[in-house]
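Q: What follows is start.tsv, made up of TSV, N, CA and C atoms:
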```tsv
chain	number	residue	atom	x	y	z
F	1	MET	N	-215.24	-27.46	-98.60
F	1	MET	CA	-214.80	-26.74	-97.43
F	1	MET	C	-214.00	-25.52	-97.82
F	2	LEU	N	-213.09	-25.67	-98.75
F	2	LEU	CA	-212.23	-24.55	-99.13
F	2	LEU	C	-213.07	-23.38	-99.65
F	3	ALA	N	-214.18	-23.67	-100.30
F	3	ALA	CA	-215.04	-22.60	-100.82
F	3	ALA	C	-215.69	-21.79	-99.70
F	4	SER	N	-215.78	-22.35	-98.51
F	4	SER	CA	-216.40	-21.61	-97.40
F	4	SER	C	-215.40	-20.70	-96.68
F	5	ILE	N	-214.13	-20.75	-97.06
F	5	ILE	CA	-213.13	-19.85	-96.49
F	5	ILE	C	-213.05	-18.65	-97.42
F	6	THR	N	-213.72	-17.57	-97.03
F	6	THR	CA	-213.76	-16.38	-97.88
F	6	THR	C	-212.98	-15.24	-97.25
F	7	PRO	N	-212.47	-14.33	-98.08
F	7	PRO	CA	-211.75	-13.18	-97.52
F	7	PRO	C	-212.60	-12.36	-96.56
F	8	LEU	N	-213.86	-12.16	-96.90
F	8	LEU	CA	-214.74	-11.36	-96.03
F	8	LEU	C	-215.00	-12.08	-94.71
F	9	GLY	N	-215.26	-13.38	-94.77
F	9	GLY	CA	-215.50	-14.14	-93.55
F	9	GLY	C	-214.29	-14.16	-92.64
F	10	GLU	N	-213.11	-14.32	-93.23
F	10	GLU	CA	-211.89	-14.33	-92.42
F	10	GLU	C	-211.61	-12.96	-91.81
F	11	ARG	N	-211.89	-11.91	-92.56
F	11	ARG	CA	-211.71	-10.56	-92.01
F	11	ARG	C	-212.66	-10.35	-90.83
F	12	GLY	N	-213.88	-10.87	-90.93
F	12	GLY	CA	-214.85	-10.76	-89.83
F	12	GLY	C	-214.40	-11.51	-88.58
F	13	ARG	N	-213.60	-12.54	-88.76
F	13	ARG	CA	-213.06	-13.29	-87.61
F	13	ARG	C	-211.67	-12.80	-87.21
F	14	ARG	N	-211.26	-11.69	-87.80
F	14	ARG	CA	-209.95	-11.08	-87.55
F	14	ARG	C	-208.81	-12.04	-87.91
F	15	SER	N	-208.99	-12.75	-89.00
F	15	SER	CA	-207.95	-13.65	-89.51
F	15	SER	C	-207.56	-13.22	-90.91
F	16	ARG	N	-206.45	-13.68	-91.36
F	16	ARG	CA	-205.99	-13.39	-92.73
F	16	ARG	C	-206.37	-14.55	-93.63
F	17	TRP	N	-207.08	-14.23	-94.69
F	17	TRP	CA	-207.59	-15.24	-95.61
F	17	TRP	C	-206.46	-16.09	-96.17
F	18	TRP	N	-205.40	-15.48	-96.66
F	18	TRP	CA	-204.31	-16.22	-97.29
F	18	TRP	C	-203.67	-17.19	-96.31
F	19	LEU	N	-203.59	-16.81	-95.04
F	19	LEU	CA	-202.97	-17.68	-94.03
F	19	LEU	C	-203.87	-18.88	-93.72
F	20	THR	N	-205.16	-18.64	-93.61
F	20	THR	CA	-206.10	-19.73	-93.35
F	20	THR	C	-206.13	-20.71	-94.51
F	21	VAL	N	-206.17	-20.21	-95.73
F	21	VAL	CA	-206.20	-21.07	-96.91
F	21	VAL	C	-204.89	-21.87	-97.01
F	22	THR	N	-203.77	-21.21	-96.77
F	22	THR	CA	-202.48	-21.91	-96.82
F	22	THR	C	-202.43	-23.01	-95.76
F	23	ALA	N	-202.90	-22.70	-94.56
F	23	ALA	CA	-202.92	-23.70	-93.48
F	23	ALA	C	-203.84	-24.87	-93.85
F	24	TYR	N	-205.00	-24.56	-94.44
F	24	TYR	CA	-205.92	-25.61	-94.86
F	24	TYR	C	-205.26	-26.53	-95.90
F	25	LEU	N	-204.59	-25.93	-96.87
F	25	LEU	CA	-203.93	-26.72	-97.91
F	25	LEU	C	-202.80	-27.56	-97.33
F	26	LEU	N	-202.01	-26.99	-96.43
F	26	LEU	CA	-200.93	-27.76	-95.80
F	26	LEU	C	-201.49	-28.90	-94.94
F	27	GLY	N	-202.58	-28.64	-94.22
F	27	GLY	CA	-203.23	-29.70	-93.46
F	27	GLY	C	-203.77	-30.79	-94.36
F	28	SER	N	-204.32	-30.41	-95.51
F	28	SER	CA	-204.83	-31.38	-96.47
F	28	SER	C	-203.70	-32.24	-97.04
F	29	ILE	N	-202.59	-31.60	-97.36
F	29	ILE	CA	-201.44	-32.35	-97.88
F	29	ILE	C	-200.93	-33.34	-96.83
F	30	ALA	N	-200.83	-32.87	-95.59
F	30	ALA	CA	-200.35	-33.75	-94.51
F	30	ALA	C	-201.31	-34.91	-94.28
F	31	GLY	N	-202.61	-34.63	-94.25
F	31	GLY	CA	-203.60	-35.69	-94.06
F	31	GLY	C	-203.59	-36.69	-95.20
F	32	GLY	N	-203.46	-36.21	-96.43
F	32	GLY	CA	-203.38	-37.11	-97.58
F	32	GLY	C	-202.12	-37.96	-97.54
F	33	ALA	N	-201.01	-37.36	-97.09
F	33	ALA	CA	-199.77	-38.11	-96.98
F	33	ALA	C	-199.88	-39.20	-95.92
F	34	VAL	N	-200.53	-38.89	-94.80
F	34	VAL	CA	-200.71	-39.89	-93.75
F	34	VAL	C	-201.61	-41.02	-94.26
F	35	ALA	N	-202.72	-40.66	-94.90
F	35	ALA	CA	-203.63	-41.69	-95.43
F	35	ALA	C	-202.92	-42.57	-96.47
F	36	GLY	N	-202.17	-41.94	-97.36
F	36	GLY	CA	-201.43	-42.70	-98.37
F	36	GLY	C	-200.36	-43.57	-97.75
F	37	GLY	N	-199.68	-43.05	-96.74
F	37	GLY	CA	-198.65	-43.82	-96.06
F	37	GLY	C	-199.21	-45.05	-95.36
F	38	VAL	N	-200.36	-44.87	-94.72
F	38	VAL	CA	-201.01	-46.00	-94.04
F	38	VAL	C	-201.45	-47.05	-95.06
F	39	ALA	N	-202.05	-46.59	-96.16
F	39	ALA	CA	-202.47	-47.53	-97.20
F	39	ALA	C	-201.27	-48.27	-97.80
F	40	ALA	N	-200.17	-47.55	-98.02
F	40	ALA	CA	-198.97	-48.18	-98.57
F	40	ALA	C	-198.38	-49.19	-97.60
F	41	ALA	N	-198.38	-48.86	-96.32
F	41	ALA	CA	-197.84	-49.79	-95.31
F	41	ALA	C	-198.68	-51.06	-95.22
F	42	ILE	N	-199.99	-50.90	-95.28
F	42	ILE	CA	-200.87	-52.07	-95.23
F	42	ILE	C	-200.66	-52.92	-96.48
F	43	GLY	N	-200.58	-52.27	-97.64
F	43	GLY	CA	-200.35	-53.00	-98.89
F	43	GLY	C	-199.02	-53.74	-98.89
F	44	ALA	N	-197.99	-53.09	-98.37
F	44	ALA	CA	-196.67	-53.74	-98.31
F	44	ALA	C	-196.69	-54.93	-97.35
F	45	ALA	N	-197.38	-54.78	-96.22
F	45	ALA	CA	-197.47	-55.87	-95.24
F	45	ALA	C	-198.23	-57.06	-95.81
F	46	MET	N	-199.19	-56.78	-96.68
F	46	MET	CA	-199.97	-57.85	-97.28
F	46	MET	C	-199.29	-58.44	-98.52
F	47	GLY	N	-198.20	-57.84	-98.96
F	47	GLY	CA	-197.49	-58.35	-100.13
F	47	GLY	C	-198.22	-58.13	-101.44
F	48	THR	N	-198.98	-57.03	-101.53
F	48	THR	CA	-199.79	-56.79	-102.73
F	48	THR	C	-198.94	-56.52	-103.97
F	49	GLY	N	-197.67	-56.19	-103.78
F	49	GLY	CA	-196.80	-55.95	-104.94
F	49	GLY	C	-196.61	-57.18	-105.79
F	50	SER	N	-196.77	-58.35	-105.21
F	50	SER	CA	-196.58	-59.60	-105.97
F	50	SER	C	-197.88	-60.13	-106.56
F	51	TRP	N	-198.99	-59.46	-106.29
F	51	TRP	CA	-200.27	-59.93	-106.84
F	51	TRP	C	-200.33	-59.64	-108.34
F	52	SER	N	-200.98	-60.50	-109.08
F	52	SER	CA	-201.12	-60.29	-110.52
F	52	SER	C	-202.12	-59.16	-110.78
F	53	THR	N	-202.00	-58.58	-111.96
F	53	THR	CA	-202.92	-57.50	-112.34
F	53	THR	C	-204.36	-58.01	-112.37
F	54	GLY	N	-204.55	-59.21	-112.87
F	54	GLY	CA	-205.90	-59.78	-112.93
F	54	GLY	C	-206.51	-59.93	-111.54
F	55	PHE	N	-205.72	-60.41	-110.59
F	55	PHE	CA	-206.23	-60.56	-109.22
F	55	PHE	C	-206.57	-59.21	-108.62
F	56	ARG	N	-205.75	-58.23	-108.88
F	56	ARG	CA	-206.02	-56.87	-108.37
F	56	ARG	C	-207.33	-56.33	-108.94
F	57	LEU	N	-207.52	-56.50	-110.25
F	57	LEU	CA	-208.75	-56.01	-110.88
F	57	LEU	C	-209.98	-56.73	-110.35
F	58	VAL	N	-209.88	-58.03	-110.16
F	58	VAL	CA	-211.00	-58.80	-109.61
F	58	VAL	C	-211.30	-58.33	-108.18
F	59	SER	N	-210.27	-58.08	-107.40
F	59	SER	CA	-210.46	-57.59	-106.03
F	59	SER	C	-211.20	-56.25	-106.02
F	60	ILE	N	-210.81	-55.36	-106.92
F	60	ILE	CA	-211.48	-54.06	-107.00
F	60	ILE	C	-212.91	-54.22	-107.47
F	61	ALA	N	-213.15	-55.12	-108.43
F	61	ALA	CA	-214.51	-55.36	-108.92
F	61	ALA	C	-215.41	-55.90	-107.81
F	62	VAL	N	-214.89	-56.83	-107.02
F	62	VAL	CA	-215.65	-57.37	-105.89
F	62	VAL	C	-215.94	-56.26	-104.88
F	63	ALA	N	-214.95	-55.42	-104.61
F	63	ALA	CA	-215.15	-54.30	-103.68
F	63	ALA	C	-216.20	-53.32	-104.21
F	64	LEU	N	-216.18	-53.08	-105.51
F	64	LEU	CA	-217.19	-52.19	-106.10
F	64	LEU	C	-218.60	-52.76	-105.94
F	65	LEU	N	-218.74	-54.06	-106.18
F	65	LEU	CA	-220.06	-54.69	-106.02
F	65	LEU	C	-220.51	-54.68	-104.56
F	66	ALA	N	-219.58	-54.97	-103.65
F	66	ALA	CA	-219.93	-54.93	-102.23
F	66	ALA	C	-220.29	-53.51	-101.81
F	67	GLY	N	-219.55	-52.54	-102.33
F	67	GLY	CA	-219.84	-51.14	-102.02
F	67	GLY	C	-221.20	-50.71	-102.55
F	68	LEU	N	-221.53	-51.16	-103.74
F	68	LEU	CA	-222.83	-50.85	-104.32
F	68	LEU	C	-223.95	-51.43	-103.45
F	69	ALA	N	-223.76	-52.66	-102.99
F	69	ALA	CA	-224.76	-53.29	-102.12
F	69	ALA	C	-224.91	-52.50	-100.82
F	70	LEU	N	-223.80	-52.03	-100.27
F	70	LEU	CA	-223.87	-51.22	-99.04
F	70	LEU	C	-224.54	-49.88	-99.30
F	71	ASP	N	-224.20	-49.24	-100.41
F	71	ASP	CA	-224.79	-47.94	-100.73
F	71	ASP	C	-226.29	-48.04	-100.96
F	72	LEU	N	-226.72	-49.17	-101.56
F	72	LEU	CA	-228.15	-49.38	-101.81
F	72	LEU	C	-228.87	-49.99	-100.61
F	73	GLN	N	-228.13	-50.29	-99.57
F	73	GLN	CA	-228.64	-50.89	-98.34
F	73	GLN	C	-229.42	-52.18	-98.61
F	74	ILE	N	-228.85	-53.00	-99.46
F	74	ILE	CA	-229.46	-54.29	-99.78
F	74	ILE	C	-229.42	-55.17	-98.54
F	75	ALA	N	-230.54	-55.82	-98.25
F	75	ALA	CA	-230.69	-56.71	-97.09
F	75	ALA	C	-230.39	-55.98	-95.78
F	76	GLY	N	-230.68	-54.69	-95.76
F	76	GLY	CA	-230.51	-53.92	-94.52
F	76	GLY	C	-229.07	-53.57	-94.19
F	77	SER	N	-228.16	-53.82	-95.11
F	77	SER	CA	-226.75	-53.50	-94.84
F	77	SER	C	-226.55	-51.99	-94.84
F	78	ARG	N	-225.57	-51.55	-94.08
F	78	ARG	CA	-225.28	-50.13	-93.99
F	78	ARG	C	-223.77	-49.92	-94.11
F	79	LEU	N	-223.40	-48.80	-94.65
F	79	LEU	CA	-221.99	-48.44	-94.81
F	79	LEU	C	-221.37	-48.16	-93.44
F	80	PRO	N	-220.23	-48.79	-93.14
F	80	PRO	CA	-219.59	-48.50	-91.86
F	80	PRO	C	-218.97	-47.10	-91.88
F	81	THR	N	-219.32	-46.29	-90.90
F	81	THR	CA	-218.81	-44.93	-90.82
F	81	THR	C	-218.92	-44.41	-89.40
F	82	VAL	N	-218.20	-43.38	-89.12
F	82	VAL	CA	-218.35	-42.70	-87.83
F	82	VAL	C	-219.39	-41.59	-88.02
F	83	HIS	N	-220.07	-41.25	-86.97
F	83	HIS	CA	-221.09	-40.19	-87.07
F	83	HIS	C	-220.54	-38.94	-86.41
F	84	ARG	N	-219.60	-38.31	-87.11
F	84	ARG	CA	-218.89	-37.16	-86.57
F	84	ARG	C	-218.59	-36.20	-87.72
F	85	GLN	N	-218.70	-34.94	-87.45
F	85	GLN	CA	-218.31	-33.90	-88.39
F	85	GLN	C	-217.16	-33.10	-87.79
F	86	VAL	N	-216.44	-32.37	-88.62
F	86	VAL	CA	-215.44	-31.44	-88.12
F	86	VAL	C	-216.20	-30.34	-87.38
F	87	ASP	N	-215.73	-29.98	-86.20
F	87	ASP	CA	-216.43	-29.03	-85.34
F	87	ASP	C	-216.45	-27.63	-85.95
F	88	GLU	N	-217.62	-27.21	-86.37
F	88	GLU	CA	-217.81	-25.90	-87.00
F	88	GLU	C	-217.49	-24.75	-86.04
F	89	GLN	N	-217.63	-24.98	-84.76
F	89	GLN	CA	-217.37	-23.91	-83.78
F	89	GLN	C	-215.90	-23.56	-83.69
F	90	TRP	N	-215.03	-24.39	-84.23
F	90	TRP	CA	-213.59	-24.08	-84.23
F	90	TRP	C	-213.32	-22.78	-84.96
F	91	ARG	N	-214.15	-22.47	-85.97
F	91	ARG	CA	-213.92	-21.27	-86.77
F	91	ARG	C	-214.01	-20.01	-85.93
F	92	ALA	N	-214.85	-20.02	-84.92
F	92	ALA	CA	-214.97	-18.85	-84.05
F	92	ALA	C	-214.04	-18.93	-82.85
F	93	ARG	N	-213.66	-20.13	-82.47
F	93	ARG	CA	-212.88	-20.35	-81.25
F	93	ARG	C	-211.37	-20.20	-81.46
F	94	TYR	N	-210.85	-20.63	-82.61
F	94	TYR	CA	-209.41	-20.67	-82.85
F	94	TYR	C	-208.99	-19.72	-83.97
F	95	ARG	N	-207.73	-19.44	-84.01
F	95	ARG	CA	-207.18	-18.62	-85.09
F	95	ARG	C	-207.36	-19.37	-86.42
F	96	GLY	N	-207.39	-18.61	-87.50
F	96	GLY	CA	-207.63	-19.19	-88.81
F	96	GLY	C	-206.65	-20.28	-89.19
F	97	TRP	N	-205.38	-20.07	-88.91
F	97	TRP	CA	-204.39	-21.07	-89.30
F	97	TRP	C	-204.54	-22.36	-88.51
F	98	VAL	N	-205.03	-22.26	-87.25
F	98	VAL	CA	-205.21	-23.46	-86.42
F	98	VAL	C	-206.36	-24.30	-86.96
F	99	TRP	N	-207.51	-23.68	-87.16
F	99	TRP	CA	-208.63	-24.48	-87.64
F	99	TRP	C	-208.44	-24.86	-89.11
F	100	GLY	N	-207.68	-24.05	-89.87
F	100	GLY	CA	-207.41	-24.40	-91.26
F	100	GLY	C	-206.62	-25.70	-91.35
F	101	ILE	N	-205.57	-25.82	-90.54
F	101	ILE	CA	-204.78	-27.06	-90.53
F	101	ILE	C	-205.64	-28.24	-90.06
F	102	ALA	N	-206.40	-28.03	-88.98
F	102	ALA	CA	-207.21	-29.11	-88.41
F	102	ALA	C	-208.28	-29.59	-89.39
F	103	PHE	N	-209.00	-28.65	-90.02
F	103	PHE	CA	-210.03	-29.02	-90.98
F	103	PHE	C	-209.40	-29.76	-92.16
F	104	GLY	N	-208.33	-29.20	-92.72
F	104	GLY	CA	-207.69	-29.81	-93.87
F	104	GLY	C	-207.21	-31.22	-93.58
F	105	PHE	N	-206.55	-31.41	-92.44
F	105	PHE	CA	-206.01	-32.72	-92.09
F	105	PHE	C	-207.12	-33.75	-91.93
F	106	GLN	N	-208.15	-33.40	-91.17
F	106	GLN	CA	-209.24	-34.36	-90.92
F	106	GLN	C	-209.99	-34.71	-92.20
F	107	LEU	N	-210.28	-33.72	-93.02
F	107	LEU	CA	-211.02	-33.99	-94.24
F	107	LEU	C	-210.19	-34.79	-95.24
F	108	ALA	N	-208.87	-34.56	-95.26
F	108	ALA	CA	-208.01	-35.30	-96.19
F	108	ALA	C	-207.87	-36.77	-95.80
F	109	LEU	N	-207.98	-37.08	-94.52
F	109	LEU	CA	-207.93	-38.48	-94.11
F	109	LEU	C	-209.07	-39.26	-94.73
F	110	GLY	N	-210.20	-38.62	-94.88
F	110	GLY	CA	-211.32	-39.23	-95.60
F	110	GLY	C	-212.24	-40.10	-94.78
F	111	VAL	N	-211.81	-40.58	-93.62
F	111	VAL	CA	-212.64	-41.51	-92.88
F	111	VAL	C	-212.86	-41.13	-91.41
F	112	VAL	N	-212.37	-39.98	-90.98
F	112	VAL	CA	-212.58	-39.60	-89.58
F	112	VAL	C	-213.84	-38.75	-89.42
F	113	THR	N	-214.50	-38.47	-90.53
F	113	THR	CA	-215.81	-37.81	-90.50
F	113	THR	C	-216.79	-38.72	-91.24
F	114	ILE	N	-218.02	-38.31	-91.36
F	114	ILE	CA	-219.05	-39.13	-91.99
F	114	ILE	C	-218.66	-39.47	-93.43
F	115	VAL	N	-218.67	-40.76	-93.74
F	115	VAL	CA	-218.41	-41.24	-95.09
F	115	VAL	C	-219.77	-41.57	-95.71
F	116	THR	N	-220.08	-40.92	-96.83
F	116	THR	CA	-221.41	-41.08	-97.41
F	116	THR	C	-221.47	-42.04	-98.59
F	117	THR	N	-220.32	-42.50	-99.06
F	117	THR	CA	-220.31	-43.42	-100.19
F	117	THR	C	-219.20	-44.46	-100.02
F	118	SER	N	-219.46	-45.63	-100.50
F	118	SER	CA	-218.49	-46.72	-100.39
F	118	SER	C	-217.26	-46.47	-101.26
F	119	MET	N	-217.36	-45.55	-102.19
F	119	MET	CA	-216.24	-45.30	-103.11
F	119	MET	C	-214.99	-44.79	-102.35
F	120	VAL	N	-215.19	-44.20	-101.18
F	120	VAL	CA	-214.03	-43.79	-100.37
F	120	VAL	C	-213.22	-45.03	-100.00
F	121	TYR	N	-213.90	-46.05	-99.54
F	121	TYR	CA	-213.21	-47.28	-99.14
F	121	TYR	C	-212.64	-48.02	-100.35
F	122	VAL	N	-213.36	-48.02	-101.46
F	122	VAL	CA	-212.88	-48.69	-102.67
F	122	VAL	C	-211.63	-47.99	-103.18
F	123	THR	N	-211.61	-46.68	-103.11
F	123	THR	CA	-210.44	-45.91	-103.52
F	123	THR	C	-209.24	-46.29	-102.69
F	124	TRP	N	-209.42	-46.43	-101.38
F	124	TRP	CA	-208.32	-46.85	-100.50
F	124	TRP	C	-207.83	-48.24	-100.90
F	125	LEU	N	-208.76	-49.14	-101.19
F	125	LEU	CA	-208.37	-50.49	-101.59
F	125	LEU	C	-207.56	-50.47	-102.88
F	126	ALA	N	-208.02	-49.66	-103.84
F	126	ALA	CA	-207.34	-49.59	-105.13
F	126	ALA	C	-205.93	-49.05	-104.95
```
Using structure tokens, write down the structure from this file.
A:
Amino acid sequence: MLASITPLGERGRRSRWWLTVTAYLLGSIAGGAVAGGVAAAIGAAMGTGSWSTGFRLVSIAVALLAGLALDLQIAGSRLPTVHRQVDEQWRARYRGWVWGIAFGFQLALGVVTIVTTSMVYVTWLA
């Protein structure tokens, strides 16, 4: 996404490239912080800090195998995901800093748009 924010494109939309990129990065940082905070809260609620290293590794290995089965659609299984993209029309409708923050935040969450690989979920588990 960041590669599609170009100085020429932003000038054509009467936006400042540096401001849009900065907003995108700040939105990405905020979205990543929210995702990390939610994962940490869930882990703390489950008491994962007291789990042994071996149990953690086995849990991740099982998740990797389950993810591989979902990615390969074994027995007709499919990866759970939402069928939504970030609205491309925002680029023409809103100021650069507005859509920059919104795009960055949503994409950093990782799961509010189409998830194409199980590794996103495995990463959250890890």
Q: Separation of CA of Val82 (chain F) and CA of Val115 (chain F), in Å?
A: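 Computing it gives 7.4 Å between the two atoms.
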Q: Write out as a PyMOL selection string all residues of chain F that DSSP puts in alpha helix (DSSP H) for this structure's backbone.
A: chain F and resi 7-12+17-46+53-71+90-93+96-109+119-125
Q: Can you tell me which residues surround Ala108 (chain F) at a distance of at most 5 Å, considering all atoms listed in the file, apart from same-chain residues fewer than 3 positions away, and format the answer as number ranges by chain?
A: F: 31-32, 104-105
Q: One decimal, Å: what's the distance from atom N of Ser52 (chain F) over to atom C of Leu79 (chain F), could you say?
A: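 We find that atom N of Ser52 (chain F) and atom C of Leu79 (chain F) lie 28.5 Å from each other.
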Q: I want to know what sits within 12 Å of Val38 (chain F), based on only C-alpha atoms, with residues of the same chain fewer than 5 positions away left out; could you give that as an mmCIF file with N, CA and C atoms, in the frame of the given file?
A:
```
data_model
loop_
_atom_site.group_PDB
_atom_site.id
_atom_site.type_symbol
_atom_site.label_atom_id
_atom_site.label_comp_id
_atom_site.auth_asym_id
_atom_site.auth_seq_id
_atom_site.Cartn_x
_atom_site.Cartn_y
_atom_site.Cartn_z
ATOM 1 N N GLY F 31 -202.610 -34.630 -94.250
ATOM 2 C CA GLY F 31 -203.600 -35.690 -94.060
ATOM 3 C C GLY F 31 -203.590 -36.690 -95.200
ATOM 4 N N GLY F 32 -203.460 -36.210 -96.430
ATOM 5 C CA GLY F 32 -203.380 -37.110 -97.580
ATOM 6 C C GLY F 32 -202.120 -37.960 -97.540
ATOM 7 N N ALA F 33 -201.010 -37.360 -97.090
ATOM 8 C CA ALA F 33 -199.770 -38.110 -96.980
ATOM 9 C C ALA F 33 -199.880 -39.200 -95.920
ATOM 10 N N GLY F 43 -200.580 -52.270 -97.640
ATOM 11 C CA GLY F 43 -200.350 -53.000 -98.890
ATOM 12 C C GLY F 43 -199.020 -53.740 -98.890
ATOM 13 N N ALA F 44 -197.990 -53.090 -98.370
ATOM 14 C CA ALA F 44 -196.670 -53.740 -98.310
ATOM 15 C C ALA F 44 -196.690 -54.930 -97.350
ATOM 16 N N ALA F 45 -197.380 -54.780 -96.220
ATOM 17 C CA ALA F 45 -197.470 -55.870 -95.240
ATOM 18 C C ALA F 45 -198.230 -57.060 -95.810
ATOM 19 N N LEU F 109 -207.980 -37.080 -94.520
ATOM 20 C CA LEU F 109 -207.930 -38.480 -94.110
ATOM 21 C C LEU F 109 -209.070 -39.260 -94.730
ATOM 22 N N TRP F 124 -209.420 -46.430 -101.380
ATOM 23 C CA TRP F 124 -208.320 -46.850 -100.500
ATOM 24 C C TRP F 124 -207.830 -48.240 -100.900
ATOM 25 N N LEU F 125 -208.760 -49.140 -101.190
ATOM 26 C CA LEU F 125 -208.370 -50.490 -101.590
ATOM 27 C C LEU F 125 -207.560 -50.470 -102.880
#
```
Q: For a test of reading the model, state the distance in Å between CA of Gln85 (chain F) and atom C of Ile114 (chain F), rounded to one decimal.
A: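 Here the two named atoms are 7.5 Å from each other.
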Q: Between F:Phe103, F:Thr53, F:Ser28, F:Ser118, which has the minimum distance to Ala66 (chain F) (counting only N, CA and C atoms)?
A: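 So, comparing all the options, the nearest one is F:Ser118.
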